[in-house]
Amino acid sequence: MLKKFLKNKVAMLTTILIVFVAFVGIFAPILAPNDPYKTDILNKFSTFSLSYPLGTDHLGRCVFSRMLYGIRPTLGLAALTMLGTIGLGALMGLLAGYFRGWIDEIIMRVVDVMLSFPSQIMVFAVVALLGINVQNVILANVFVKWAWYARMIRTGVLKYRDRNFVLFSRCIGNRESFILGRHLLPSIASEMAVLASLDIGWAIINISTLSFLGLGVQAPIPEWGAMLNEAKNVLTTNPVQMLAPGIAIVVVVSAFHLLGDALRDILDPKEANL
Amino acid sequence: MKKNRLGVILMAGALVLSMLAGCGNTDTPEVSSDADTSTKDELVFVNYRDIRDLNPHLYGGEMYAQEMLFESLVNITEDGYEGCLAEDWEISEDGKVYTFKIREGVTFSDGTVCDANAILANFNAIIENKDRHTWLEMMNLLVGVSAPDENTFVIELSKPYYPMLTELGVTRPFAMVSPAAMKDGSTKDGVNEYIGTGPYVLKEFVTDQYAVFEANENYWGEQPAIKKITVKVIPDNQTRIMALEKGEIDLIYGKNMIDADAVNKYLDSDEIKVALSTPTSTRQIVLNTTNSILSDTAVRQALQYATNRQAISDGIFYGLEEPADTLFATTIPYCNVELEAYAYDENLADEMLTQAGWVLGADGVREKDGQKMALDLLYNSDSVTEKAIAEYLQSEYAKLGIELNIIGQEEQSYRDNMKGGNFDMVFNICWGTPYDPQSSLAAMRAPVYGDYAAQQGLHDKAEIDDAITKILTSTDEEERQELYRFVLTRLHEDAVYIPLTFECNKSIYRADLQGVGFTQTQYEVPFADMYFE
């Protein structure tokens, strides 16, 4: 599989890009030319220069430095969201798929209810109820998205639960937690990985959207969606402002989507037979 | 698989193109209709929110629209008072009895005659809801109103009251609505229709979309040149500007509707003109003195010193709004009292905070007795500049170890929270002429806006309120000036208000629109003076 991965150009390129972006984010304090919070109000909207590679924003802050620091909340929160979503979804999916019966019924009916609501509206509702801050945004995203994963993972579990190795494990009296954790979870891990990478793009967009609407990351923390929102306020007078965060979001989200696509191709047994 | 993806991209591209084409198509007919008419008499105006409840006896409607529909007894002009629905008036020598001669031949737009009886009906409806108008001191002094005959209307007060005519002349609540539109002679629960005597009538409106006003054919005064005004609701500043550029709207007008960058952009434009008024009111931040951190006068003063007004004026407003040193400009009547400005001085602020016991903690935020120096600053997210100022102050105060959390709320909830005192710091304006200084000060004595709640922590609050009450009924010029000096000095030294800049009214409009100007009150849009070339 690794060989296939290395052969797939899209997968390689997007992975390199994403890892590069992540590293830039981690080392932002070293790489950033300026303090992302330092305002210089008299020098606002300045154009590209050596000291400000991408110019300055409406308060005279260095856009480039803010972009670099902005990777942290953008990627970090998206990753956290995915972790939470997959964690909860996997737990529910495993329980439902393995135990079947009334546990399955309850969990799956809840999932049905969750899936019947449009997810964006649900996110707004949850954020509105809990109040505006970053934790709540993540909670809201996890809350609306876990059901989707639970269903996918349950299907995966169903495939494996009657396989011989699971039956054998059960026969020799292994505990159920052992079967779930050591047999079923690893079996569905690759599928989960694909799902996750496909959806991390969704998480980034969602967090940026909420920040753009003023419901997510709050000023002055640099976040791409929030930066886009601030750029929007000077759309007609300084249109250049929105280029950097806008392009960055598009590129990173596209990278995640393409990677997910490529991963699916790689893992798809049908493709392999061709 | 590959082919599929290409197909999707192609389709997406086609979709985007068709959307762009769609945008292009919609504005063509409007451009051609512009060219057809020789003299245009239809104006498209824009506002950031709906006209809402225009009942002039309450405070829930957009004031520019109320000014279009309704009129009061007198008008306030640059040179003083001018008759409106009252042709003339007399004030008794002791200053307690006002006798108005009502203009003859005026009718409401539903045909009802506007005589002294109709005006009496209005006053009765307003007085019935007395508790709602606490900011008007005349409500407390009122003895009675009467209409001895059709053309005479009399108001009696218990004491002489110098801002009386001003209170009668402002947009609300003393604007006249047709008695036929009242609900059983009462207006406190709303009116059936918005019927007034003004130059325009409201033809139709769709909530949060648009409102259409047409010239009132039976208007007693001069007919306005603009016959039809459509007000569109566009909440976003940039969308408004683009609509103006495309010619979808003709005029953007108002203090919080246009940011300095937009004004700057059109200063030299041929197609779009800019008009700026003289300073109208003071943009300020109110500090809540009941807050455990801000209850210390030294802390409040330190915040004054920490605020760089010049940088806000130059940086955010490109100098369009002058920095303000005092709550009221010295040009406001009675307000030319020598107050020493809190000049920007970071070191002094730092020193004062340290002396007050707030020492820098490990995380760069000041602390005192385990409490962090973290304050919330509430701003109106419908305003185009408050957020930028808030963000600027946030970074400035952070340098001094003050953590400022900025919270934006749409206008109504911002006002509700301000009134309820749910804030540490909040953006505010003084009311501008003709309300300054008497009405703005009078309103500090009751929960009208944030002032009342904010001043509750002052040890001399009772003394200040008392002086304000005395001002309103004082008859001696010198005594009045002395009292004003006392109140303004106390408020200044107590450092309840951080004045920022002197706000001005702004307007940008299509070049073919003429006569765009500003009136005494900053809340009115003088459509009657406008015409197209």
# chains A, B, ... in the order shown; residues from 1 in each chain; ligands from 1
$ select_by_dssp --residues "region 149-202 of chain B" --states "strand (DSSP E)" --output "list in words"
Asp149, Thr152, Phe153, Val154, Ile155, Glu156, Leu157, Tyr200, Val201 and Leu202 of chain B
$ write_last_selection --atoms "N, CA and C atoms" --output "JSON list (two decimals), in the first residue's frame"
[["chain", "number", "residue", "atom", "x", "y", "z"],
["B", 149, "ASP", "N", -59.43, 76.75, 21.79],
["B", 149, "ASP", "CA", -60.21, 76.75, 20.55],
["B", 149, "ASP", "C", -59.41, 76.01, 19.49],
["B", 152, "THR", "N", -55.73, 77.23, 18.91],
["B", 152, "THR", "CA", -54.87, 77.58, 20.04],
["B", 152, "THR", "C", -54.59, 76.34, 20.88],
["B", 153, "PHE", "N", -53.34, 76.21, 21.23],
["B", 153, "PHE", "CA", -52.95, 75.07, 22.06],
["B", 153, "PHE", "C", -52.06, 75.58, 23.18],
["B", 154, "VAL", "N", -52.34, 75.19, 24.40],
["B", 154, "VAL", "CA", -51.65, 75.75, 25.55],
["B", 154, "VAL", "C", -50.98, 74.65, 26.37],
["B", 155, "ILE", "N", -49.73, 74.90, 26.75],
["B", 155, "ILE", "CA", -49.03, 73.98, 27.64],
["B", 155, "ILE", "C", -48.66, 74.74, 28.91],
["B", 156, "GLU", "N", -48.98, 74.18, 30.05],
["B", 156, "GLU", "CA", -48.65, 74.83, 31.31],
["B", 156, "GLU", "C", -47.61, 74.00, 32.08],
["B", 157, "LEU", "N", -46.62, 74.70, 32.60],
["B", 157, "LEU", "CA", -45.58, 74.01, 33.37],
["B", 157, "LEU", "C", -45.58, 74.53, 34.80],
["B", 200, "TYR", "N", -43.80, 63.51, 3.13],
["B", 200, "TYR", "CA", -43.90, 62.22, 2.45],
["B", 200, "TYR", "C", -44.92, 61.33, 3.14],
["B", 201, "VAL", "N", -45.42, 60.37, 2.37],
["B", 201, "VAL", "CA", -46.28, 59.35, 2.97],
["B", 201, "VAL", "C", -45.67, 57.99, 2.69],
["B", 202, "LEU", "N", -45.92, 57.06, 3.60],
["B", 202, "LEU", "CA", -45.39, 55.71, 3.43],
["B", 202, "LEU", "C", -46.37, 54.94, 2.55]]
$ interface_residues --of "chain A" --to "chain B" --cutoff "10 Å" --atoms "only C-alpha atoms" --output "ChimeraX atom specification"
/A:37-44,58-60,132,214,218-220,230,232-238,261,265,271
$ write_last_selection --atoms "N, CA and C atoms" --output "short mmCIF file (atom, residue, chain, number, x, y, z; two decimals), in the first residue's frame"
data_model
loop_
_atom_site.label_atom_id
_atom_site.label_comp_id
_atom_site.auth_asym_id
_atom_site.auth_seq_id
_atom_site.Cartn_x
_atom_site.Cartn_y
_atom_site.Cartn_z
N TYR A 37 0.43 40.45 16.38
CA TYR A 37 -0.53 41.25 17.13
C TYR A 37 -0.16 42.72 17.18
N LYS A 38 1.04 43.04 16.68
CA LYS A 38 1.52 44.42 16.84
C LYS A 38 0.83 45.32 15.81
N THR A 39 0.13 46.32 16.31
CA THR A 39 -0.55 47.23 15.40
C THR A 39 0.30 48.45 15.13
N ASP A 40 0.10 48.99 13.95
CA ASP A 40 0.77 50.23 13.57
C ASP A 40 -0.24 50.98 12.73
N ILE A 41 -1.17 51.61 13.43
CA ILE A 41 -2.38 52.11 12.79
C ILE A 41 -2.10 53.11 11.68
N LEU A 42 -1.01 53.83 11.79
CA LEU A 42 -0.73 54.85 10.77
C LEU A 42 -0.18 54.22 9.50
N ASN A 43 0.17 52.94 9.60
CA ASN A 43 0.77 52.26 8.45
C ASN A 43 -0.17 51.16 7.96
N LYS A 44 -1.47 51.46 7.95
CA LYS A 44 -2.40 50.40 7.57
C LYS A 44 -2.51 50.26 6.06
N HIS A 58 -5.96 46.23 8.26
CA HIS A 58 -6.62 47.49 8.59
C HIS A 58 -6.13 48.12 9.89
N LEU A 59 -5.34 47.37 10.66
CA LEU A 59 -4.77 47.97 11.87
C LEU A 59 -3.26 48.09 11.74
N GLY A 60 -2.76 47.83 10.56
CA GLY A 60 -1.32 47.92 10.34
C GLY A 60 -0.56 46.71 10.84
N ILE A 132 -20.67 32.05 22.16
CA ILE A 132 -19.66 32.14 21.12
C ILE A 132 -18.27 31.96 21.70
N GLY A 214 -18.06 35.53 12.61
CA GLY A 214 -17.87 36.11 13.93
C GLY A 214 -18.31 35.19 15.05
N GLN A 218 -12.13 34.39 17.97
CA GLN A 218 -12.39 35.81 18.17
C GLN A 218 -11.12 36.66 18.01
N ALA A 219 -11.33 37.92 17.63
CA ALA A 219 -10.21 38.85 17.50
C ALA A 219 -9.51 38.96 18.86
N PRO A 220 -8.22 39.18 18.89
CA PRO A 220 -7.32 39.43 17.78
C PRO A 220 -6.62 38.18 17.26
N GLU A 230 -12.36 40.28 8.12
CA GLU A 230 -11.86 41.65 8.25
C GLU A 230 -11.53 42.23 6.88
N LYS A 232 -13.11 41.48 4.21
CA LYS A 232 -14.41 41.74 3.58
C LYS A 232 -14.88 43.17 3.84
N ASN A 233 -14.54 43.70 5.02
CA ASN A 233 -14.98 45.04 5.37
C ASN A 233 -14.34 46.13 4.53
N VAL A 234 -13.28 45.78 3.81
CA VAL A 234 -12.64 46.78 2.96
C VAL A 234 -12.57 46.26 1.52
N LEU A 235 -13.56 45.41 1.21
CA LEU A 235 -13.63 44.76 -0.10
C LEU A 235 -13.48 45.74 -1.26
N THR A 236 -14.18 46.86 -1.21
CA THR A 236 -14.15 47.77 -2.34
C THR A 236 -12.92 48.66 -2.33
N THR A 237 -12.44 49.00 -1.15
CA THR A 237 -11.32 49.93 -1.10
C THR A 237 -9.96 49.23 -1.15
N ASN A 238 -9.85 48.05 -0.53
CA ASN A 238 -8.58 47.34 -0.54
C ASN A 238 -8.79 45.86 -0.85
N ASP A 261 -9.31 11.89 -1.92
CA ASP A 261 -9.63 11.23 -3.18
C ASP A 261 -8.58 10.19 -3.53
N ASP A 265 -8.61 6.07 -3.87
CA ASP A 265 -8.15 5.32 -5.04
C ASP A 265 -7.17 4.24 -4.64
N GLU A 271 -9.98 -0.79 -7.88
CA GLU A 271 -8.96 -0.10 -8.67
C GLU A 271 -7.73 -0.98 -8.82
#
$ residues_around --residues "Asp162 (chain A)" --least-positions-apart "5" --cutoff "12 Å" --atoms "only C-alpha atoms" --output "JSON, numbers by chain"
{"A": [97, 98, 99, 156, 157, 167, 168, 169, 170, 179, 183, 184]}
$ write_last_selection --atoms "N, CA and C atoms" --output "PDB file, in the first residue's frame"
ATOM      1  N   GLY A  97     -22.385  -1.686  15.949  1.00  0.00           N
ATOM      2  CA  GLY A  97     -22.110  -2.757  14.998  1.00  0.00           C
ATOM      3  C   GLY A  97     -21.817  -4.074  15.686  1.00  0.00           C
ATOM      4  N   TYR A  98     -21.159  -4.046  16.791  1.00  0.00           N
ATOM      5  CA  TYR A  98     -20.732  -5.281  17.436  1.00  0.00           C
ATOM      6  C   TYR A  98     -21.842  -5.900  18.276  1.00  0.00           C
ATOM      7  N   PHE A  99     -22.495  -5.081  19.073  1.00  0.00           N
ATOM      8  CA  PHE A  99     -23.485  -5.641  19.992  1.00  0.00           C
ATOM      9  C   PHE A  99     -24.844  -5.857  19.360  1.00  0.00           C
ATOM     10  N   GLY A 156     -18.760  -0.850   8.598  1.00  0.00           N
ATOM     11  CA  GLY A 156     -17.463  -1.506   8.556  1.00  0.00           C
ATOM     12  C   GLY A 156     -17.393  -2.629   9.567  1.00  0.00           C
ATOM     13  N   VAL A 157     -17.875  -2.379  10.759  1.00  0.00           N
ATOM     14  CA  VAL A 157     -17.825  -3.376  11.831  1.00  0.00           C
ATOM     15  C   VAL A 157     -18.665  -4.598  11.461  1.00  0.00           C
ATOM     16  N   LEU A 167     -14.749 -14.520  15.656  1.00  0.00           N
ATOM     17  CA  LEU A 167     -15.486 -15.613  16.301  1.00  0.00           C
ATOM     18  C   LEU A 167     -14.558 -16.441  17.184  1.00  0.00           C
ATOM     19  N   PHE A 168     -13.370 -16.694  16.658  1.00  0.00           N
ATOM     20  CA  PHE A 168     -12.392 -17.479  17.419  1.00  0.00           C
ATOM     21  C   PHE A 168     -12.022 -16.774  18.711  1.00  0.00           C
ATOM     22  N   SER A 169     -11.753 -15.504  18.562  1.00  0.00           N
ATOM     23  CA  SER A 169     -11.371 -14.705  19.725  1.00  0.00           C
ATOM     24  C   SER A 169     -12.459 -14.763  20.785  1.00  0.00           C
ATOM     25  N   ARG A 170     -13.689 -14.745  20.293  1.00  0.00           N
ATOM     26  CA  ARG A 170     -14.796 -14.797  21.240  1.00  0.00           C
ATOM     27  C   ARG A 170     -14.877 -16.187  21.892  1.00  0.00           C
ATOM     28  N   ILE A 179     -11.756  -7.535  22.050  1.00  0.00           N
ATOM     29  CA  ILE A 179     -12.172  -7.806  20.666  1.00  0.00           C
ATOM     30  C   ILE A 179     -12.414  -6.493  19.924  1.00  0.00           C
ATOM     31  N   HIS A 183      -9.258  -6.225  17.593  1.00  0.00           N
ATOM     32  CA  HIS A 183      -9.607  -6.883  16.332  1.00  0.00           C
ATOM     33  C   HIS A 183     -10.358  -5.967  15.386  1.00  0.00           C
ATOM     34  N   LEU A 184     -11.432  -5.366  15.913  1.00  0.00           N
ATOM     35  CA  LEU A 184     -12.315  -4.618  15.012  1.00  0.00           C
ATOM     36  C   LEU A 184     -11.751  -3.245  14.670  1.00  0.00           C
TER      37      LEU A 184
END
$ residues_around --residues "region 298-300 of chain B" --least-positions-apart "6" --cutoff "7 Å" --atoms "only C-alpha atoms" --output "ChimeraX atom specification"
/B:352-353,356,495-496
$ closest_residue --among "B:Trp135, B:Glu93, B:Asp189, B:Trp358" --to "Met444 (chain B)" --atoms "only C-alpha atoms"
B:Trp135
$ residues_around --residues "region 424-428 of chain B" --least-positions-apart "6" --cutoff "10 Å" --atoms "only C-alpha atoms" --output "compact mmCIF listing (two decimals) with C-alpha atoms, in the first residue's frame"
# COMPACT_ATOMS: atom_id res chain seq x y z
CA THR B 282 -18.61 62.81 20.50
CA ARG B 283 -17.68 59.19 19.96
CA GLN B 284 -16.81 57.85 23.39
CA ILE B 285 -16.40 54.79 25.50
CA VAL B 286 -18.41 54.56 28.70
CA LEU B 287 -16.73 52.89 31.65
CA ASN B 288 -18.97 51.02 34.04
CA THR B 289 -18.07 52.35 37.46
CA THR B 290 -19.85 49.46 39.19
CA ASN B 291 -17.34 47.02 37.70
CA SER B 292 -14.92 45.83 40.37
CA ILE B 293 -11.88 46.85 38.31
CA LEU B 294 -13.26 50.11 36.96
CA ALA B 374 -9.61 41.64 31.96
CA LEU B 375 -12.37 43.88 30.64
CA ASP B 376 -15.10 43.42 28.05
CA LEU B 377 -15.63 46.10 25.45
CA LEU B 378 -19.04 45.95 23.83
CA TYR B 379 -19.44 47.39 20.35
CA ASN B 380 -22.23 47.75 17.84
CA GLU B 386 -16.40 50.60 16.01
CA LYS B 387 -14.87 47.19 15.48
CA ILE B 389 -11.37 51.04 17.00
CA ALA B 390 -12.09 48.21 19.40
CA LEU B 404 -9.59 43.64 26.50
CA ASN B 405 -12.17 41.21 25.16
CA ILE B 406 -14.15 42.75 22.38
CA ILE B 407 -17.73 41.69 21.85
CA TYR B 414 -26.11 46.21 21.95
CA ARG B 415 -28.49 48.95 23.04
CA ASN B 417 -27.24 45.52 27.05
CA MET B 418 -26.03 49.08 27.33
CA TYR B 449 -28.94 54.57 27.72
CA GLY B 450 -25.83 53.24 29.37
CA ASP B 451 -24.92 56.39 31.30
CA ALA B 454 -22.35 53.26 34.27
CA VAL B 496 -16.40 57.91 33.34
CA TYR B 497 -16.14 58.67 29.65
CA ILE B 498 -13.21 58.12 27.36
CA PRO B 499 -13.86 60.59 24.57
CA LEU B 500 -12.39 59.36 21.28
$ residues_around --residues "region 460-465 of chain B" --least-positions-apart "4" --cutoff "12 Å" --atoms "only C-alpha atoms" --output "PDB file with N, CA and C atoms, in the first residue's frame"
ATOM      1  N   THR B 289     -18.730  52.115  36.176  1.00  0.00           N
ATOM      2  CA  THR B 289     -18.069  52.350  37.463  1.00  0.00           C
ATOM      3  C   THR B 289     -18.485  51.335  38.526  1.00  0.00           C
ATOM      4  N   THR B 290     -19.479  50.486  38.208  1.00  0.00           N
ATOM      5  CA  THR B 290     -19.849  49.465  39.186  1.00  0.00           C
ATOM      6  C   THR B 290     -18.995  48.206  39.020  1.00  0.00           C
ATOM      7  N   LEU B 441     -27.536  65.099  29.245  1.00  0.00           N
ATOM      8  CA  LEU B 441     -27.279  65.093  30.685  1.00  0.00           C
ATOM      9  C   LEU B 441     -28.520  64.656  31.450  1.00  0.00           C
ATOM     10  N   ALA B 442     -29.685  65.183  31.044  1.00  0.00           N
ATOM     11  CA  ALA B 442     -30.922  64.834  31.748  1.00  0.00           C
ATOM     12  C   ALA B 442     -31.129  63.319  31.725  1.00  0.00           C
ATOM     13  N   ALA B 443     -30.751  62.703  30.602  1.00  0.00           N
ATOM     14  CA  ALA B 443     -30.965  61.265  30.451  1.00  0.00           C
ATOM     15  C   ALA B 443     -30.032  60.440  31.322  1.00  0.00           C
ATOM     16  N   MET B 444     -29.016  61.093  31.915  1.00  0.00           N
ATOM     17  CA  MET B 444     -28.098  60.349  32.782  1.00  0.00           C
ATOM     18  C   MET B 444     -28.747  60.022  34.122  1.00  0.00           C
ATOM     19  N   ARG B 445     -29.881  60.669  34.395  1.00  0.00           N
ATOM     20  CA  ARG B 445     -30.493  60.486  35.707  1.00  0.00           C
ATOM     21  C   ARG B 445     -31.458  59.308  35.752  1.00  0.00           C
ATOM     22  N   ALA B 446     -31.670  58.681  34.593  1.00  0.00           N
ATOM     23  CA  ALA B 446     -32.593  57.544  34.542  1.00  0.00           C
ATOM     24  C   ALA B 446     -32.060  56.552  33.518  1.00  0.00           C
ATOM     25  N   ASP B 451     -25.523  55.462  30.343  1.00  0.00           N
ATOM     26  CA  ASP B 451     -24.916  56.393  31.302  1.00  0.00           C
ATOM     27  C   ASP B 451     -25.345  56.133  32.740  1.00  0.00           C
ATOM     28  N   TYR B 452     -26.654  55.946  32.918  1.00  0.00           N
ATOM     29  CA  TYR B 452     -27.210  55.784  34.257  1.00  0.00           C
ATOM     30  C   TYR B 452     -26.549  54.599  34.962  1.00  0.00           C
ATOM     31  N   ALA B 453     -26.547  53.473  34.268  1.00  0.00           N
ATOM     32  CA  ALA B 453     -25.964  52.269  34.862  1.00  0.00           C
ATOM     33  C   ALA B 453     -24.472  52.477  35.116  1.00  0.00           C
ATOM     34  N   ALA B 454     -23.794  53.108  34.163  1.00  0.00           N
ATOM     35  CA  ALA B 454     -22.350  53.257  34.269  1.00  0.00           C
ATOM     36  C   ALA B 454     -21.949  54.148  35.433  1.00  0.00           C
ATOM     37  N   GLN B 455     -22.789  55.120  35.754  1.00  0.00           N
ATOM     38  CA  GLN B 455     -22.409  56.083  36.792  1.00  0.00           C
ATOM     39  C   GLN B 455     -22.801  55.640  38.197  1.00  0.00           C
ATOM     40  N   GLN B 456     -23.460  54.496  38.301  1.00  0.00           N
ATOM     41  CA  GLN B 456     -23.940  54.071  39.617  1.00  0.00           C
ATOM     42  C   GLN B 456     -22.823  53.914  40.643  1.00  0.00           C
ATOM     43  N   THR B 469     -30.559  68.346  37.522  1.00  0.00           N
ATOM     44  CA  THR B 469     -31.955  68.754  37.695  1.00  0.00           C
ATOM     45  C   THR B 469     -32.062  70.258  37.870  1.00  0.00           C
ATOM     46  N   LYS B 470     -31.131  70.805  38.639  1.00  0.00           N
ATOM     47  CA  LYS B 470     -31.155  72.252  38.864  1.00  0.00           C
ATOM     48  C   LYS B 470     -30.910  73.011  37.567  1.00  0.00           C
ATOM     49  N   ILE B 471     -29.993  72.500  36.746  1.00  0.00           N
ATOM     50  CA  ILE B 471     -29.686  73.167  35.479  1.00  0.00           C
ATOM     51  C   ILE B 471     -30.957  73.362  34.670  1.00  0.00           C
ATOM     52  N   LEU B 472     -31.758  72.293  34.610  1.00  0.00           N
ATOM     53  CA  LEU B 472     -32.880  72.284  33.689  1.00  0.00           C
ATOM     54  C   LEU B 472     -33.927  73.327  34.035  1.00  0.00           C
ATOM     55  N   LEU B 483     -23.471  75.650  37.032  1.00  0.00           N
ATOM     56  CA  LEU B 483     -23.907  74.273  37.272  1.00  0.00           C
ATOM     57  C   LEU B 483     -23.373  73.339  36.190  1.00  0.00           C
ATOM     58  N   TYR B 484     -23.431  73.805  34.942  1.00  0.00           N
ATOM     59  CA  TYR B 484     -22.886  72.994  33.849  1.00  0.00           C
ATOM     60  C   TYR B 484     -21.396  72.741  34.095  1.00  0.00           C
ATOM     61  N   ARG B 485     -20.706  73.794  34.496  1.00  0.00           N
ATOM     62  CA  ARG B 485     -19.273  73.655  34.756  1.00  0.00           C
ATOM     63  C   ARG B 485     -19.031  72.590  35.830  1.00  0.00           C
ATOM     64  N   PHE B 486     -19.861  72.633  36.860  1.00  0.00           N
ATOM     65  CA  PHE B 486     -19.722  71.671  37.945  1.00  0.00           C
ATOM     66  C   PHE B 486     -19.917  70.232  37.436  1.00  0.00           C
ATOM     67  N   VAL B 487     -21.008  70.024  36.714  1.00  0.00           N
ATOM     68  CA  VAL B 487     -21.335  68.672  36.254  1.00  0.00           C
ATOM     69  C   VAL B 487     -20.260  68.152  35.300  1.00  0.00           C
ATOM     70  N   LEU B 488     -19.904  68.999  34.327  1.00  0.00           N
ATOM     71  CA  LEU B 488     -18.942  68.543  33.324  1.00  0.00           C
ATOM     72  C   LEU B 488     -17.578  68.290  33.945  1.00  0.00           C
ATOM     73  N   THR B 489     -17.196  69.126  34.900  1.00  0.00           N
ATOM     74  CA  THR B 489     -15.908  68.945  35.542  1.00  0.00           C
ATOM     75  C   THR B 489     -15.885  67.656  36.354  1.00  0.00           C
ATOM     76  N   ARG B 490     -16.970  67.419  37.101  1.00  0.00           N
ATOM     77  CA  ARG B 490     -17.039  66.190  37.892  1.00  0.00           C
ATOM     78  C   ARG B 490     -16.942  64.947  36.995  1.00  0.00           C
ATOM     79  N   LEU B 491     -17.755  64.955  35.934  1.00  0.00           N
ATOM     80  CA  LEU B 491     -17.749  63.796  35.038  1.00  0.00           C
ATOM     81  C   LEU B 491     -16.378  63.599  34.414  1.00  0.00           C
ATOM     82  N   HIS B 492     -15.731  64.715  34.109  1.00  0.00           N
ATOM     83  CA  HIS B 492     -14.409  64.639  33.493  1.00  0.00           C
ATOM     84  C   HIS B 492     -13.379  64.086  34.484  1.00  0.00           C
ATOM     85  N   GLU B 493     -13.436  64.588  35.699  1.00  0.00           N
ATOM     86  CA  GLU B 493     -12.459  64.136  36.695  1.00  0.00           C
ATOM     87  C   GLU B 493     -12.731  62.714  37.157  1.00  0.00           C
ATOM     88  N   ASP B 494     -14.007  62.357  37.165  1.00  0.00           N
ATOM     89  CA  ASP B 494     -14.345  60.975  37.508  1.00  0.00           C
ATOM     90  C   ASP B 494     -13.961  60.010  36.388  1.00  0.00           C
ATOM     91  N   VAL B 496     -15.436  58.941  33.707  1.00  0.00           N
ATOM     92  CA  VAL B 496     -16.404  57.907  33.339  1.00  0.00           C
ATOM     93  C   VAL B 496     -16.387  57.685  31.833  1.00  0.00           C
TER      94      VAL B 496
END
$ residues_around --residues "region 108-110 of chain A" --least-positions-apart "2" --cutoff "9 Å" --atoms "only C-alpha atoms" --output "JSON, numbers by chain"
{"A": [92, 93, 96, 103, 104, 105, 106, 112, 113, 114, 115, 147, 150, 151]}
$ decode --residues "region 232-244 of chain B" --atoms "N, CA and C atoms" --output "PDB file, in the first residue's frame"
ATOM      1  N   LYS B 232     -33.905  50.871   0.465  1.00  0.00           N
ATOM      2  CA  LYS B 232     -33.571  49.456   0.481  1.00  0.00           C
ATOM      3  C   LYS B 232     -32.850  49.115   1.775  1.00  0.00           C
ATOM      4  N   VAL B 233     -32.988  47.904   2.206  1.00  0.00           N
ATOM      5  CA  VAL B 233     -32.273  47.464   3.407  1.00  0.00           C
ATOM      6  C   VAL B 233     -31.059  46.648   2.962  1.00  0.00           C
ATOM      7  N   ILE B 234     -29.876  47.193   3.184  1.00  0.00           N
ATOM      8  CA  ILE B 234     -28.633  46.468   2.886  1.00  0.00           C
ATOM      9  C   ILE B 234     -27.750  46.546   4.121  1.00  0.00           C
ATOM     10  N   PRO B 235     -27.635  45.474   4.883  1.00  0.00           N
ATOM     11  CA  PRO B 235     -26.896  45.559   6.150  1.00  0.00           C
ATOM     12  C   PRO B 235     -25.388  45.713   5.979  1.00  0.00           C
ATOM     13  N   ASP B 236     -24.843  45.233   4.870  1.00  0.00           N
ATOM     14  CA  ASP B 236     -23.386  45.214   4.770  1.00  0.00           C
ATOM     15  C   ASP B 236     -22.848  46.440   4.063  1.00  0.00           C
ATOM     16  N   ASN B 237     -21.870  47.045   4.697  1.00  0.00           N
ATOM     17  CA  ASN B 237     -21.251  48.270   4.201  1.00  0.00           C
ATOM     18  C   ASN B 237     -20.724  48.120   2.776  1.00  0.00           C
ATOM     19  N   GLN B 238     -19.960  47.069   2.519  1.00  0.00           N
ATOM     20  CA  GLN B 238     -19.341  46.913   1.202  1.00  0.00           C
ATOM     21  C   GLN B 238     -20.392  46.675   0.117  1.00  0.00           C
ATOM     22  N   THR B 239     -21.447  45.938   0.462  1.00  0.00           N
ATOM     23  CA  THR B 239     -22.528  45.702  -0.498  1.00  0.00           C
ATOM     24  C   THR B 239     -23.196  47.023  -0.855  1.00  0.00           C
ATOM     25  N   ARG B 240     -23.356  47.878   0.155  1.00  0.00           N
ATOM     26  CA  ARG B 240     -23.950  49.195  -0.097  1.00  0.00           C
ATOM     27  C   ARG B 240     -23.102  49.977  -1.082  1.00  0.00           C
ATOM     28  N   ILE B 241     -21.785  49.967  -0.822  1.00  0.00           N
ATOM     29  CA  ILE B 241     -20.900  50.754  -1.679  1.00  0.00           C
ATOM     30  C   ILE B 241     -20.937  50.230  -3.111  1.00  0.00           C
ATOM     31  N   MET B 242     -20.959  48.910  -3.251  1.00  0.00           N
ATOM     32  CA  MET B 242     -21.010  48.356  -4.603  1.00  0.00           C
ATOM     33  C   MET B 242     -22.335  48.696  -5.283  1.00  0.00           C
ATOM     34  N   ALA B 243     -23.411  48.669  -4.518  1.00  0.00           N
ATOM     35  CA  ALA B 243     -24.719  49.021  -5.075  1.00  0.00           C
ATOM     36  C   ALA B 243     -24.714  50.473  -5.538  1.00  0.00           C
ATOM     37  N   LEU B 244     -24.043  51.332  -4.773  1.00  0.00           N
ATOM     38  CA  LEU B 244     -23.945  52.744  -5.154  1.00  0.00           C
ATOM     39  C   LEU B 244     -23.124  52.883  -6.432  1.00  0.00           C
TER      40      LEU B 244
END
